[in-house]
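J.: This one is model_26.cif, mmCIF, C-alpha atoms.
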data_start
#
loop_
_atom_site.label_atom_id
_atom_site.label_comp_id
_atom_site.auth_asym_id
_atom_site.auth_seq_id
_atom_site.Cartn_x
_atom_site.Cartn_y
_atom_site.Cartn_z
CA MET A 158 -47.79 27.74 -56.52
CA LEU A 159 -45.29 30.58 -56.81
CA ARG A 160 -42.64 28.55 -55.02
CA ARG A 161 -43.26 25.54 -57.29
CA HIS A 162 -42.95 27.77 -60.36
CA ALA A 163 -39.74 29.30 -59.05
CA ARG A 164 -38.26 25.85 -58.44
CA ALA A 165 -39.18 24.78 -61.99
CA ALA A 166 -37.60 27.91 -63.43
CA CYS A 167 -34.39 27.36 -61.45
CA THR A 168 -34.28 23.72 -62.55
CA ALA A 169 -34.67 24.76 -66.21
CA LEU A 170 -31.95 27.38 -65.89
CA ALA A 171 -29.58 24.96 -64.18
CA ALA A 172 -30.13 22.29 -66.82
CA ALA A 173 -29.71 24.75 -69.63
CA GLY A 174 -26.61 26.09 -67.96
CA MET A 175 -25.07 22.61 -68.23
CA VAL A 176 -26.17 22.22 -71.85
CA LEU A 177 -24.78 25.61 -72.86
CA ALA A 178 -21.74 25.72 -70.59
CA GLY A 179 -19.52 25.61 -73.67
CA LEU A 180 -21.33 28.51 -75.30
CA GLN A 181 -21.21 30.69 -72.24
CA ALA A 182 -17.62 29.86 -71.34
CA GLY A 183 -16.51 30.16 -74.95
CA SER A 184 -18.11 33.54 -75.33
CA ALA A 185 -15.51 34.99 -73.01
CA THR A 186 -12.83 33.64 -75.33
CA ALA A 187 -14.43 34.65 -78.61
CA ALA A 188 -15.60 38.07 -77.48
CA GLN A 189 -14.02 39.64 -74.41
CA PRO A 190 -16.49 40.51 -71.62
CA SER A 191 -17.86 44.02 -71.80
CA PRO A 192 -15.78 46.15 -69.44
CA GLY A 193 -17.89 48.21 -67.12
CA THR A 194 -20.83 45.81 -67.19
CA GLY A 195 -22.66 46.47 -63.95
CA PRO A 196 -23.25 44.06 -61.07
CA GLY A 197 -26.90 43.84 -62.12
CA ALA A 198 -26.01 42.42 -65.55
CA MET A 199 -28.40 39.66 -66.58
CA GLY A 200 -27.77 36.54 -68.63
CA ALA A 201 -29.85 36.12 -71.78
CA ALA A 202 -32.26 33.58 -70.29
CA ARG A 203 -33.03 35.77 -67.31
CA ALA A 204 -33.20 39.02 -69.28
CA LEU A 205 -35.62 37.57 -71.83
CA GLY A 206 -37.78 35.77 -69.27
CA ALA A 207 -37.04 32.40 -70.86
CA ALA A 208 -37.50 30.47 -67.62
CA ASP A 209 -40.90 32.00 -66.85
CA ALA A 210 -43.00 30.39 -69.59
CA PRO A 211 -46.56 29.65 -68.42
CA PRO A 212 -47.90 26.07 -68.39
CA GLU A 213 -50.21 26.77 -71.35
CA LEU A 214 -47.31 27.69 -73.63
CA LEU A 215 -45.26 24.70 -72.48
CA ALA A 216 -48.24 22.41 -73.08
CA ALA A 217 -48.67 23.74 -76.62
CA MET A 218 -44.98 23.18 -77.32
CA GLY A 219 -45.36 19.64 -76.01
CA ARG A 220 -48.34 18.96 -78.27
CA ASP A 221 -46.90 20.47 -81.45
CA LEU A 222 -43.17 19.77 -81.02
CA GLY A 223 -43.36 16.44 -79.17
CA LEU A 224 -41.58 17.70 -76.05
CA THR A 225 -41.94 16.94 -72.37
CA ARG A 226 -42.49 19.93 -70.13
CA ALA A 227 -38.88 19.74 -68.91
CA GLN A 228 -37.62 19.63 -72.50
CA ALA A 229 -39.75 22.64 -73.44
CA GLU A 230 -38.39 24.61 -70.46
CA ARG A 231 -34.80 23.75 -71.35
CA ARG A 232 -35.39 24.55 -75.02
CA LEU A 233 -36.59 28.09 -74.30
CA VAL A 234 -33.62 28.81 -72.07
CA ASN A 235 -31.17 27.29 -74.57
CA GLU A 236 -32.62 29.37 -77.40
CA ALA A 237 -32.24 32.59 -75.42
CA GLU A 238 -28.59 31.83 -74.64
CA ALA A 239 -27.85 30.60 -78.18
CA GLY A 240 -29.37 33.73 -79.71
CA ALA A 241 -27.09 35.89 -77.58
CA ALA A 242 -24.02 33.77 -78.41
CA ALA A 243 -24.82 33.94 -82.15
CA ALA A 244 -25.24 37.72 -81.91
CA ARG A 245 -21.82 38.11 -80.27
CA LEU A 246 -20.20 35.99 -82.98
CA ARG A 247 -21.99 37.88 -85.75
CA ASP A 248 -20.64 41.11 -84.27
CA ARG A 249 -17.09 39.70 -84.19
CA LEU A 250 -17.10 38.01 -87.62
CA GLY A 251 -18.50 40.98 -89.52
CA GLY A 252 -18.87 40.46 -93.27
CA SER A 253 -17.84 36.80 -93.18
CA PHE A 254 -20.82 35.83 -90.98
CA ALA A 255 -23.14 33.62 -93.05
CA GLY A 256 -25.95 32.80 -90.62
CA ALA A 257 -26.66 30.82 -87.46
CA TRP A 258 -29.19 28.23 -86.36
CA VAL A 259 -30.10 26.01 -83.43
CA ALA A 260 -30.90 22.30 -83.63
CA GLY A 261 -31.98 19.39 -81.45
CA ALA A 262 -35.13 18.69 -79.46
CA GLU A 263 -33.94 21.09 -76.77
CA SER A 264 -32.09 23.46 -79.16
CA GLY A 265 -28.92 22.35 -77.40
CA SER A 266 -26.63 22.91 -80.38
CA LEU A 267 -25.79 26.20 -82.10
CA THR A 268 -24.15 26.29 -85.53
CA VAL A 269 -22.54 29.46 -86.92
CA ALA A 270 -21.54 29.66 -90.59
CA THR A 271 -18.72 31.73 -92.06
CA THR A 272 -17.09 32.23 -95.44
CA ARG A 273 -13.62 32.61 -93.88
CA ALA A 274 -11.65 29.56 -92.71
CA ALA A 275 -9.75 31.68 -90.21
CA ASP A 276 -13.01 32.18 -88.24
CA LEU A 277 -13.56 28.47 -87.50
CA THR A 278 -11.36 28.39 -84.41
CA ALA A 279 -13.07 31.40 -82.83
CA ILE A 280 -16.52 29.93 -83.49
CA ARG A 281 -15.58 26.63 -81.86
CA ALA A 282 -13.92 28.42 -78.97
CA ALA A 283 -17.26 30.12 -78.32
CA GLY A 284 -18.88 26.70 -77.85
CA ALA A 285 -20.70 26.63 -81.20
CA GLU A 286 -20.35 24.27 -84.13
CA ALA A 287 -18.64 25.90 -87.13
CA ALA A 288 -19.63 25.62 -90.79
CA LEU A 289 -17.42 26.89 -93.62
CA VAL A 290 -19.63 27.92 -96.56
CA ARG A 291 -19.18 29.46 -99.98
CA HIS A 292 -21.65 32.33 -100.02
CA GLY A 293 -22.00 35.20 -97.58
CA LEU A 294 -25.36 36.55 -96.48
CA PRO A 295 -24.94 39.91 -98.28
CA ALA A 296 -24.54 38.23 -101.69
CA LEU A 297 -27.51 35.93 -101.13
CA GLU A 298 -29.74 38.73 -99.88
CA ARG A 299 -28.82 41.00 -102.81
CA ALA A 300 -29.75 38.16 -105.19
CA LYS A 301 -33.05 37.65 -103.37
CA ALA A 302 -33.88 41.35 -103.70
CA ALA A 303 -33.33 41.10 -107.47
CA LEU A 304 -35.68 38.10 -107.69
CA ASP A 305 -38.29 39.83 -105.53
CA ARG A 306 -38.54 42.72 -107.98
CA ALA A 307 -39.41 40.38 -110.87
CA ALA A 308 -41.30 37.59 -109.08
CA THR A 309 -44.75 36.36 -110.06
CA ALA A 310 -47.27 34.05 -108.39
CA ASP A 311 -45.69 31.10 -110.24
CA ALA A 312 -42.65 31.45 -107.94
CA PRO A 313 -44.42 32.79 -104.85
CA VAL A 314 -41.80 32.26 -102.11
CA ARG A 315 -38.13 33.27 -101.94
CA TYR A 316 -35.83 33.03 -98.93
CA VAL A 317 -32.20 32.55 -97.89
CA ASP A 318 -31.80 29.14 -96.27
CA VAL A 319 -28.77 29.68 -94.02
CA ARG A 320 -28.55 25.97 -93.24
CA ALA A 321 -28.17 25.14 -96.94
CA ASN A 322 -26.24 28.35 -97.77
CA ALA A 323 -28.54 28.89 -100.71
CA LEU A 324 -31.21 31.20 -102.06
CA VAL A 325 -34.34 29.05 -102.36
CA VAL A 326 -37.09 29.74 -104.89
CA GLU A 327 -40.32 27.79 -104.51
CA GLU A 328 -42.17 27.36 -107.81
CA THR A 329 -45.75 26.23 -108.32
CA ARG A 330 -45.34 25.83 -112.08
CA ALA A 331 -42.51 23.83 -113.65
CA GLY A 332 -39.75 26.06 -115.02
CA ALA A 333 -40.97 29.24 -113.30
CA GLY A 334 -38.01 29.38 -110.95
CA ASP A 335 -35.41 28.94 -113.68
CA ARG A 336 -37.11 31.55 -115.86
CA LEU A 337 -37.10 34.01 -112.95
CA VAL A 338 -33.40 33.43 -112.31
CA ALA A 339 -32.54 33.79 -116.01
CA ALA A 340 -34.61 36.98 -116.39
CA THR A 341 -32.85 38.70 -113.48
CA GLY A 342 -29.31 37.58 -114.26
CA VAL A 343 -28.82 36.18 -110.74
CA PRO A 344 -25.96 33.63 -110.75
CA ALA A 345 -27.49 30.17 -110.93
CA ASP A 346 -25.03 28.75 -108.40
CA LEU A 347 -26.65 30.89 -105.69
CA VAL A 348 -30.12 29.47 -106.25
CA ARG A 349 -31.90 26.22 -105.47
CA VAL A 350 -35.32 25.84 -107.13
CA VAL A 351 -37.83 23.54 -105.41
CA ARG A 352 -41.32 22.53 -106.48
CA SER A 353 -44.12 23.38 -104.06
CA ASP A 354 -47.88 23.16 -103.96
CA GLU A 355 -47.91 26.05 -101.51
CA ALA A 356 -50.13 28.94 -102.53
CA PRO A 357 -49.78 31.53 -99.74
CA ARG A 358 -52.68 33.87 -99.16
CA PRO A 359 -53.71 36.30 -96.42
CA LEU A 360 -55.74 34.62 -93.66
CA TYR A 361 -58.65 36.94 -92.97
CA ASP A 362 -61.78 35.35 -94.48
CA LEU A 363 -63.79 33.79 -91.64
CA ARG A 364 -66.04 35.36 -89.01
CA GLY A 365 -66.88 34.58 -85.40
CA GLY A 366 -64.85 33.75 -82.30
CA ASP A 367 -62.63 35.81 -80.04
CA ALA A 368 -61.31 38.37 -82.51
CA TYR A 369 -61.81 41.83 -83.87
CA TYR A 370 -64.01 42.72 -86.79
CA MET A 371 -63.42 45.26 -89.53
CA GLY A 372 -66.10 47.71 -90.56
CA GLY A 373 -67.44 46.54 -93.89
CA GLY A 374 -66.85 42.85 -93.11
CA GLY A 375 -64.10 40.43 -92.23
CA ARG A 376 -62.38 39.19 -89.08
CA CYS A 377 -58.77 39.22 -87.94
CA SER A 378 -56.87 38.63 -84.71
CA VAL A 379 -55.29 41.13 -82.35
CA GLY A 380 -51.49 40.99 -82.51
CA PHE A 381 -49.80 42.77 -79.59
CA PRO A 382 -51.21 45.54 -77.38
CA VAL A 383 -49.25 48.80 -77.74
CA THR A 384 -49.35 52.42 -76.72
CA ARG A 385 -48.50 55.62 -78.54
CA GLY A 386 -48.30 58.40 -76.01
CA THR A 387 -51.57 58.20 -74.11
CA THR A 388 -53.33 56.31 -76.91
CA GLN A 389 -53.81 52.57 -76.48
CA GLY A 390 -54.26 50.03 -79.25
CA PHE A 391 -52.69 47.03 -80.92
CA ALA A 392 -50.41 45.97 -83.76
CA THR A 393 -51.81 43.69 -86.44
CA ALA A 394 -51.52 42.77 -90.12
CA GLY A 395 -51.81 45.40 -92.84
CA HIS A 396 -54.02 43.30 -95.10
CA CYS A 397 -56.70 43.31 -92.39
CA GLY A 398 -57.68 46.94 -92.96
CA ARG A 399 -56.79 50.37 -94.31
CA ALA A 400 -56.25 53.61 -92.42
CA GLY A 401 -59.59 55.02 -91.28
CA GLN A 402 -61.43 51.69 -91.28
CA THR A 403 -63.30 51.10 -88.03
CA THR A 404 -63.11 47.99 -85.86
CA SER A 405 -65.21 46.28 -83.21
CA GLY A 406 -63.94 43.86 -80.59
CA PHE A 407 -64.52 40.17 -79.95
CA ASN A 408 -67.77 41.17 -78.21
CA GLN A 409 -68.88 43.29 -81.21
CA VAL A 410 -68.51 46.48 -79.15
CA ALA A 411 -67.05 49.50 -80.97
CA GLN A 412 -63.29 49.31 -80.52
CA GLY A 413 -61.35 51.83 -82.61
CA SER A 414 -59.92 52.41 -86.08
CA PHE A 415 -56.85 51.69 -88.18
CA GLN A 416 -54.33 54.52 -87.91
CA GLY A 417 -51.80 53.18 -90.40
CA SER A 418 -51.57 50.20 -92.74
CA ILE A 419 -49.02 48.90 -95.26
CA PHE A 420 -49.85 46.04 -97.64
CA PRO A 421 -48.37 44.80 -99.93
CA GLY A 422 -44.66 45.59 -99.60
CA ASN A 423 -44.93 44.80 -95.88
CA ASP A 424 -47.90 43.50 -93.90
CA MET A 425 -48.18 45.85 -90.94
CA ALA A 426 -50.84 48.01 -89.30
CA TRP A 427 -51.96 49.37 -85.99
CA VAL A 428 -55.36 50.12 -84.51
CA ALA A 429 -55.99 52.89 -81.97
CA ALA A 430 -58.64 51.87 -79.45
CA ASN A 431 -61.26 54.07 -77.84
CA SER A 432 -61.48 54.70 -74.09
CA SER A 433 -63.48 51.52 -73.52
CA TRP A 434 -60.44 49.37 -74.22
CA THR A 435 -57.22 48.98 -72.25
CA ALA A 436 -53.95 47.60 -73.59
CA THR A 437 -52.60 44.74 -71.48
CA PRO A 438 -49.18 43.02 -71.61
CA TYR A 439 -50.63 39.64 -72.49
CA VAL A 440 -51.36 37.25 -75.33
CA LYS A 441 -54.35 34.92 -75.08
CA GLY A 442 -53.21 31.36 -74.45
CA ALA A 443 -54.97 28.01 -74.30
CA GLY A 444 -58.24 28.15 -72.42
CA GLY A 445 -58.11 31.95 -72.31
CA ALA A 446 -55.12 32.05 -69.94
CA ASN A 447 -52.82 35.08 -70.07
CA VAL A 448 -49.32 34.61 -71.51
CA GLN A 449 -47.06 37.49 -70.49
CA VAL A 450 -45.01 39.54 -72.95
CA THR A 451 -41.69 40.83 -71.62
CA GLY A 452 -39.95 42.10 -74.77
CA SER A 453 -39.47 41.82 -78.53
CA VAL A 454 -36.12 40.10 -79.18
CA LEU A 455 -36.31 38.16 -82.46
CA GLN A 456 -35.21 34.53 -82.02
CA PRO A 457 -32.80 32.60 -84.31
CA VAL A 458 -33.51 30.12 -87.08
CA GLY A 459 -34.55 26.78 -85.58
CA ALA A 460 -36.03 28.33 -82.44
CA SER A 461 -39.48 27.41 -81.20
CA VAL A 462 -42.33 29.83 -81.70
CA CYS A 463 -46.04 29.73 -80.77
CA ARG A 464 -48.99 31.54 -82.32
CA SER A 465 -52.30 32.73 -80.93
CA GLY A 466 -55.19 33.28 -83.33
CA SER A 467 -58.94 33.66 -83.10
CA THR A 468 -59.69 30.68 -85.38
CA THR A 469 -57.31 27.97 -84.22
CA GLY A 470 -56.02 29.19 -80.85
CA TRP A 471 -52.55 28.09 -79.70
CA HIS A 472 -50.20 26.25 -82.03
CA CYS A 473 -46.41 25.95 -82.01
CA GLY A 474 -43.62 25.16 -84.44
CA THR A 475 -40.18 26.44 -85.37
CA ILE A 476 -38.65 29.40 -87.19
CA GLN A 477 -37.47 28.28 -90.63
CA GLN A 478 -36.09 31.42 -92.29
CA HIS A 479 -36.03 35.14 -91.61
CA ASN A 480 -36.27 37.85 -94.30
CA THR A 481 -38.49 35.77 -96.57
CA SER A 482 -40.36 37.26 -99.53
CA VAL A 483 -43.82 36.02 -100.46
CA THR A 484 -45.91 36.90 -103.50
CA TYR A 485 -49.60 36.85 -102.63
CA PRO A 486 -52.32 37.43 -105.25
CA GLU A 487 -52.38 41.05 -104.00
CA GLY A 488 -48.63 41.58 -104.42
CA THR A 489 -45.23 40.85 -102.87
CA ILE A 490 -44.31 41.35 -99.22
CA SER A 491 -40.73 41.17 -98.00
CA GLY A 492 -39.02 40.77 -94.65
CA VAL A 493 -41.43 38.21 -93.20
CA THR A 494 -40.39 35.12 -91.23
CA ARG A 495 -41.26 31.61 -92.46
CA THR A 496 -42.41 29.09 -89.84
CA THR A 497 -43.82 25.57 -89.47
CA VAL A 498 -46.71 26.82 -87.34
CA CYS A 499 -50.15 26.13 -88.80
CA ALA A 500 -52.82 28.81 -89.21
CA GLU A 501 -56.20 29.28 -90.87
CA PRO A 502 -58.31 32.19 -92.14
CA GLY A 503 -59.20 34.53 -89.29
CA ASP A 504 -55.84 34.00 -87.55
CA SER A 505 -54.32 36.90 -89.52
CA GLY A 506 -52.83 39.64 -87.41
CA GLY A 507 -52.47 37.33 -84.41
CA SER A 508 -49.48 36.99 -82.12
CA TYR A 509 -46.30 34.98 -82.60
CA ILE A 510 -44.34 34.63 -79.36
CA SER A 511 -41.20 32.74 -78.36
CA GLY A 512 -41.17 32.19 -74.61
CA SER A 513 -42.20 35.68 -73.49
CA GLN A 514 -40.58 37.52 -76.41
CA ALA A 515 -42.98 38.97 -78.98
CA GLN A 516 -41.93 37.93 -82.50
CA GLY A 517 -44.52 39.24 -84.95
CA VAL A 518 -48.06 39.14 -86.34
CA THR A 519 -49.56 36.51 -88.62
CA SER A 520 -49.46 37.48 -92.28
CA GLY A 521 -50.51 34.45 -94.34
CA GLY A 522 -49.62 30.95 -95.36
CA SER A 523 -50.85 27.69 -96.77
CA GLY A 524 -52.30 24.47 -95.41
CA ASN A 525 -54.34 24.26 -92.21
CA CYS A 526 -54.18 23.00 -88.63
CA SER A 527 -55.60 19.57 -89.54
CA SER A 528 -53.04 18.54 -92.14
CA GLY A 529 -50.29 21.06 -91.22
CA GLY A 530 -48.98 24.03 -93.12
CA THR A 531 -46.50 26.86 -93.52
CA THR A 532 -47.14 30.36 -92.24
CA TYR A 533 -45.37 33.72 -92.30
CA PHE A 534 -45.26 36.47 -89.73
CA GLN A 535 -44.45 40.15 -90.10
CA PRO A 536 -41.78 40.87 -87.46
CA LEU A 537 -43.04 43.17 -84.74
CA ASN A 538 -40.06 45.51 -84.26
CA PRO A 539 -40.45 47.13 -87.71
CA ILE A 540 -44.11 47.81 -86.89
CA LEU A 541 -43.18 49.46 -83.60
CA SER A 542 -40.50 51.54 -85.31
CA THR A 543 -42.60 52.56 -88.32
CA TYR A 544 -45.52 53.84 -86.26
CA GLY A 545 -43.70 54.99 -83.10
CA LEU A 546 -45.43 52.42 -80.90
CA THR A 547 -44.42 51.04 -77.51
CA LEU A 548 -45.02 47.36 -76.82
CA LYS A 549 -46.97 46.70 -73.65
CA THR A 550 -44.80 44.47 -71.43
CA THR A 551 -44.77 43.06 -67.89
CA GLY A 552 -42.15 43.28 -65.19
CA THR A 553 -40.36 46.46 -66.25
CA ASP A 554 -37.88 47.99 -63.82
CA PRO A 555 -39.06 51.24 -62.19
CA GLY A 556 -35.76 52.97 -63.00
CA PRO A 557 -33.45 54.94 -60.71
CA GLY A 558 -34.59 55.32 -57.14
CA PRO A 559 -34.68 58.56 -55.12
CA GLY A 560 -31.34 60.33 -55.35
CA GLU A 561 -30.02 58.07 -58.13
CA PRO A 562 -29.07 60.15 -61.18
CA GLU A 563 -29.97 59.16 -64.73
CA PRO A 564 -26.70 58.06 -66.38
CA GLY A 565 -27.38 60.09 -69.51
CA GLY A 566 -26.49 59.28 -73.10
CA THR A 567 -28.34 58.56 -76.32
CA TRP A 568 -29.94 55.26 -75.20
CA LYS A 569 -33.66 55.73 -74.67
CA ALA A 570 -36.39 53.37 -73.49
CA GLY A 571 -39.06 52.86 -76.15
CA THR A 572 -36.65 53.13 -79.08
CA VAL A 573 -36.42 50.18 -81.45
CA TYR A 574 -32.76 49.28 -81.99
CA ALA A 575 -31.52 47.10 -84.85
CA ALA A 576 -28.46 44.90 -84.58
CA GLY A 577 -25.39 47.05 -85.19
CA ALA A 578 -26.89 50.29 -83.87
CA THR A 579 -24.70 52.21 -81.40
CA VAL A 580 -25.69 54.27 -78.37
CA THR A 581 -24.01 55.98 -75.47
CA TYR A 582 -24.94 55.32 -71.86
CA GLY A 583 -23.21 56.37 -68.65
CA GLY A 584 -20.22 57.72 -70.55
CA SER A 585 -19.63 54.54 -72.59
CA THR A 586 -20.54 53.46 -76.11
CA TYR A 587 -22.46 50.25 -76.78
CA ARG A 588 -23.33 48.34 -79.96
CA CYS A 589 -26.66 46.49 -80.27
CA LEU A 590 -26.27 42.72 -80.72
CA GLN A 591 -29.93 41.67 -81.10
CA GLY A 592 -32.72 43.87 -82.42
CA HIS A 593 -35.30 44.84 -79.78
CA GLN A 594 -37.39 47.66 -78.36
CA ALA A 595 -35.55 49.16 -75.39
CA GLN A 596 -37.30 49.28 -72.06
CA THR A 597 -36.48 50.36 -68.53
CA GLY A 598 -34.45 47.59 -66.90
CA TRP A 599 -32.74 46.73 -70.20
CA GLU A 600 -30.11 49.49 -69.99
CA PRO A 601 -26.97 48.51 -71.97
CA PRO A 602 -24.75 47.66 -68.95
CA ASN A 603 -27.46 45.38 -67.56
CA VAL A 604 -28.12 43.20 -70.62
CA PRO A 605 -24.94 41.87 -72.28
CA ALA A 606 -27.17 39.58 -74.34
CA LEU A 607 -28.40 42.69 -76.16
CA TRP A 608 -25.49 45.17 -75.92
CA GLN A 609 -21.69 44.99 -76.32
CA ARG A 610 -19.54 47.75 -74.91
CA VAL A 611 -17.12 49.08 -77.53
#
For the file at hand, write its structure as structure tokens.
T.:
Amino acid sequence: MLRRHARAACTALAAAGMVLAGLQAGSATAAQPSPGTGPGAMGAARALGAADAPPELLAAMGRDLGLTRAQAERRLVNEAEAGAAAARLRDRLGGSFAGAWVAGAESGSLTVATTRAADLTAIRAAGAEAALVRHGLPALERAKAALDRAATADAPVRYVDVRANALVVEETRAGAGDRLVAATGVPADLVRVVRSDEAPRPLYDLRGGDAYYMGGGGRCSVGFPVTRGTTQGFATAGHCGRAGQTTSGFNQVAQGSFQGSIFPGNDMAWVAANSSWTATPYVKGAGGANVQVTGSVLQPVGASVCRSGSTTGWHCGTIQQHNTSVTYPEGTISGVTRTTVCAEPGDSGGSYISGSQAQGVTSGGSGNCSSGGTTYFQPLNPILSTYGLTLKTTGTDPGPGPGEPEPGGTWKAGTVYAAGATVTYGGSTYRCLQGHQAQTGWEPPNVPALWQRV
């Protein structure tokens, strides 16, 4: 079985290598290779475990995205490589970068947008399609922040659609979007108002199933197992409980208590478990199978993503927009990611994962898994950073062997790094390309998908 799995992984990597040959070859033209990158440097697909997806995840992608198993394998590898290529271009383009997205059944095409015509040649040389657009991301995101401060439930969803190069406002009542824009003074040419029947709400109402239960009533889903020092627990949604509230597990055995919770504003929390519970590096897949978690690199717009929840189990879809703002009846939350994955009450707090990379925890949405819907997840890295948590992962490198010195520097395993952050390691300086929580084995020289030497 292990040999068959290894052959499948190699086949997926080889096929994706052909699909993304232009991206990988072009990257050397658009952004010079990092000098000093060690002989153990890993490509994005290998570093992020994209070729090691378990059959249960691939089957869910096939069911929900209409893919064959081979297509699903190639898609995950392509998305890992495209995310790294987009990160390198974003680092090079600076303020003119206007977003990136993948497209196609196998995510075989990457588009990068810019506001500067002079960038088009470099983007194409990197193997990506180039789009020249009018508005930069900073202007659109500043406008969204202004709308967020004045938004009401009549215009419950706001996000920057990088593919349309527009700030989208979804209104549930005619004229609400235009009134919001007029009241804030945001330039109308930045905004596209669309009518929607979507009424997002937190998804925590139902009881029963494989879940955790909050003292005083209600059920949610475990997000990702974490540790904080010697304490074990899990990350979940903030609307599921407040600090001090007790929890019991899927088996109704006493489990722990909420240590921190933010909602609204964000939708994040973590629960510290008692000694009866052990954090594992897995997400529950179809049929109860374990799906491994190897890291927390956020994937690009258009990428596939799957969700595990205690009400509806495994379902997959795609990432639509990052940094979305949603106004629930309880208030506005910002910085969530909008997806096409369905969810239902009781799935709140549950895991979103792309390949083996943890993405976030279920916040809320609309619709259901019979007719389809839209859901939002709170990205995981901000939760880890806010509460000083370490994601439980598999396959970490043991570090230097006997007699091998630590290279030294400011880089540190367990730290959450945002794109643009700089560290020193082994006497060199590196800039973070994709946000992630650092772990042993992902030292800057080893993972050019995550770090660029400067």
J.: When you count only C-alpha atoms, which of these residues is closest to A:Phe420: A:Gly488, A:Gly445, A:Gly334, A:Gly373?
T.: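 Among the listed residues, A:Gly488 lies closest to A:Phe420.
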J.: I need the output of the PyMOL selection byres ((chain A and resi 586) around 12) for this file as a ChimeraX atom specification; which residues are they?
T.: /A:191-194,565-568,578-585,587-589,601-602,608-611
J.: Give me the result of the PyMOL selection byres ((chain A and resi 314) around 7) on this file, residue by residue, as a ChimeraX atom specification.
T.: /A:312-313,315-316,326-327,482-484
J.: Determine the nearest neighbour of A:Ile476 from the options A:Gly386, A:Gly503, A:Gly252, A:Pro536, counting all atoms listed in the file.
T.: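 Closest to A:Ile476, using all atoms listed in the file: A:Pro536.
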J.: Do you know which residues the PyMOL selection byres ((chain A and resi 511-523) around 8) returns on this file, as a count of residues only?
T.: 52
J.: Work out how far atom CA of A:Ser542 is from atom CA of A:Thr404, in Å to one decimal.
T.: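 Separation of atom CA of A:Thr404 and atom CA of A:Ser542: 22.9 Å.
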J.: Fewer than 2 positions away in the same chain doesn't count, so skip those; otherwise give me all residues within 12 Å of A:Leu294, counting only C-alpha atoms, as number ranges by chain.
T.: A: 247, 251-257, 270-272, 290-292, 296-301, 316-324, 347, 479-480
J.: Could you tell me which of A:Thr494, A:Gln596, A:Thr468, A:Thr225 comes closest to A:Ala204 if we count only C-alpha atoms?
T.: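 Selected residue with least distance to A:Ala204: A:Gln596.
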J.: Choose the residue, out of A:Ala606, A:Gly372, A:Val325, A:Ser432, that has the smallest atom-to-atom separation from A:Thr481; count only C-alpha atoms.
T.: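 Between A:Ala606, A:Gly372, A:Val325, A:Ser432, the residue approaching A:Thr481 most closely is A:Val325.
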J.: Calculate how many Å separate atom CA of A:Ala345 from atom CA of A:Thr475, rounding to one decimal.
T.: 28.8 Å
J.: Taking 6 positions as the minimum chain separation for residues in the same chain, which residues sit within 6 Å of A:Tyr369 when counting only C-alpha atoms? Answer as a PyMOL selection string.
T.: chain A and resi 376-378+405-407
J.: What's the separation between atom CA of A:Thr496 and atom CA of A:Ala340, in Å to one decimal place?
T.: 28.8 Å
J.: As a PDB file with C-alpha atoms, keeping the file's coordinate frame, please: the residues near A:Tyr544 (cut-off 8 Å, all atoms listed in the file, same-chain neighbours under 3 positions excluded).
T.:
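Result written to selection.pdb:
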ATOM      1  CA  GLY A 417     -51.800  53.180 -90.400  1.00  0.00           C
ATOM      2  CA  TRP A 427     -51.960  49.370 -85.990  1.00  0.00           C
ATOM      3  CA  ILE A 540     -44.110  47.810 -86.890  1.00  0.00           C
ATOM      4  CA  LEU A 541     -43.180  49.460 -83.600  1.00  0.00           C
TER       5      LEU A 541
END
J.: So which one's closest to A:Asp311, A:Gly444, A:Gly261, A:Pro486, A:Gly571? Using only C-alpha atoms, please.
T.: A:Pro486
J.: If I put a ball of radius 10 Å at (-20.0, 22.4, -85.3) in the file's coordinates, which residues poke into it when counting all atoms listed in the file, written as a ChimeraX atom specification?
T.: /A:266-270,277,280-281,284-289
J.: Between A:Arg330, A:Lys569, A:Arg232, A:Lys441, which residue has the minimum interatomic distance to A:Gly219, considering all atoms listed in the file?
T.: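 Among the listed residues, the smallest separation from A:Gly219 belongs to A:Arg232.
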J.: Since the input has fewer atoms than a full residue there, write stretch 275-281 of chain A out with N, CA and C atoms, as a CSV table (one decimal), in the coordinates of the input.
T.:
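The resulting part33.csv:
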chain,number,residue,atom,x,y,z
A,275,ALA,N,-10.4,31.2,-91.4
A,275,ALA,CA,-9.8,31.7,-90.2
A,275,ALA,C,-10.7,31.9,-89.0
A,276,ASP,N,-12.0,31.9,-89.3
A,276,ASP,CA,-13.0,32.2,-88.2
A,276,ASP,C,-13.4,30.9,-87.5
A,277,LEU,N,-13.1,29.7,-88.0
A,277,LEU,CA,-13.6,28.5,-87.5
A,277,LEU,C,-13.1,28.3,-86.1
A,278,THR,N,-11.9,28.6,-85.8
A,278,THR,CA,-11.4,28.4,-84.4
A,278,THR,C,-12.1,29.2,-83.4
A,279,ALA,N,-12.4,30.5,-83.7
A,279,ALA,CA,-13.1,31.4,-82.8
A,279,ALA,C,-14.5,30.9,-82.6
A,280,ILE,N,-15.1,30.4,-83.6
A,280,ILE,CA,-16.5,29.9,-83.5
A,280,ILE,C,-16.5,28.7,-82.5
A,281,ARG,N,-15.6,27.8,-82.7
A,281,ARG,CA,-15.6,26.6,-81.9
A,281,ARG,C,-15.2,27.0,-80.4
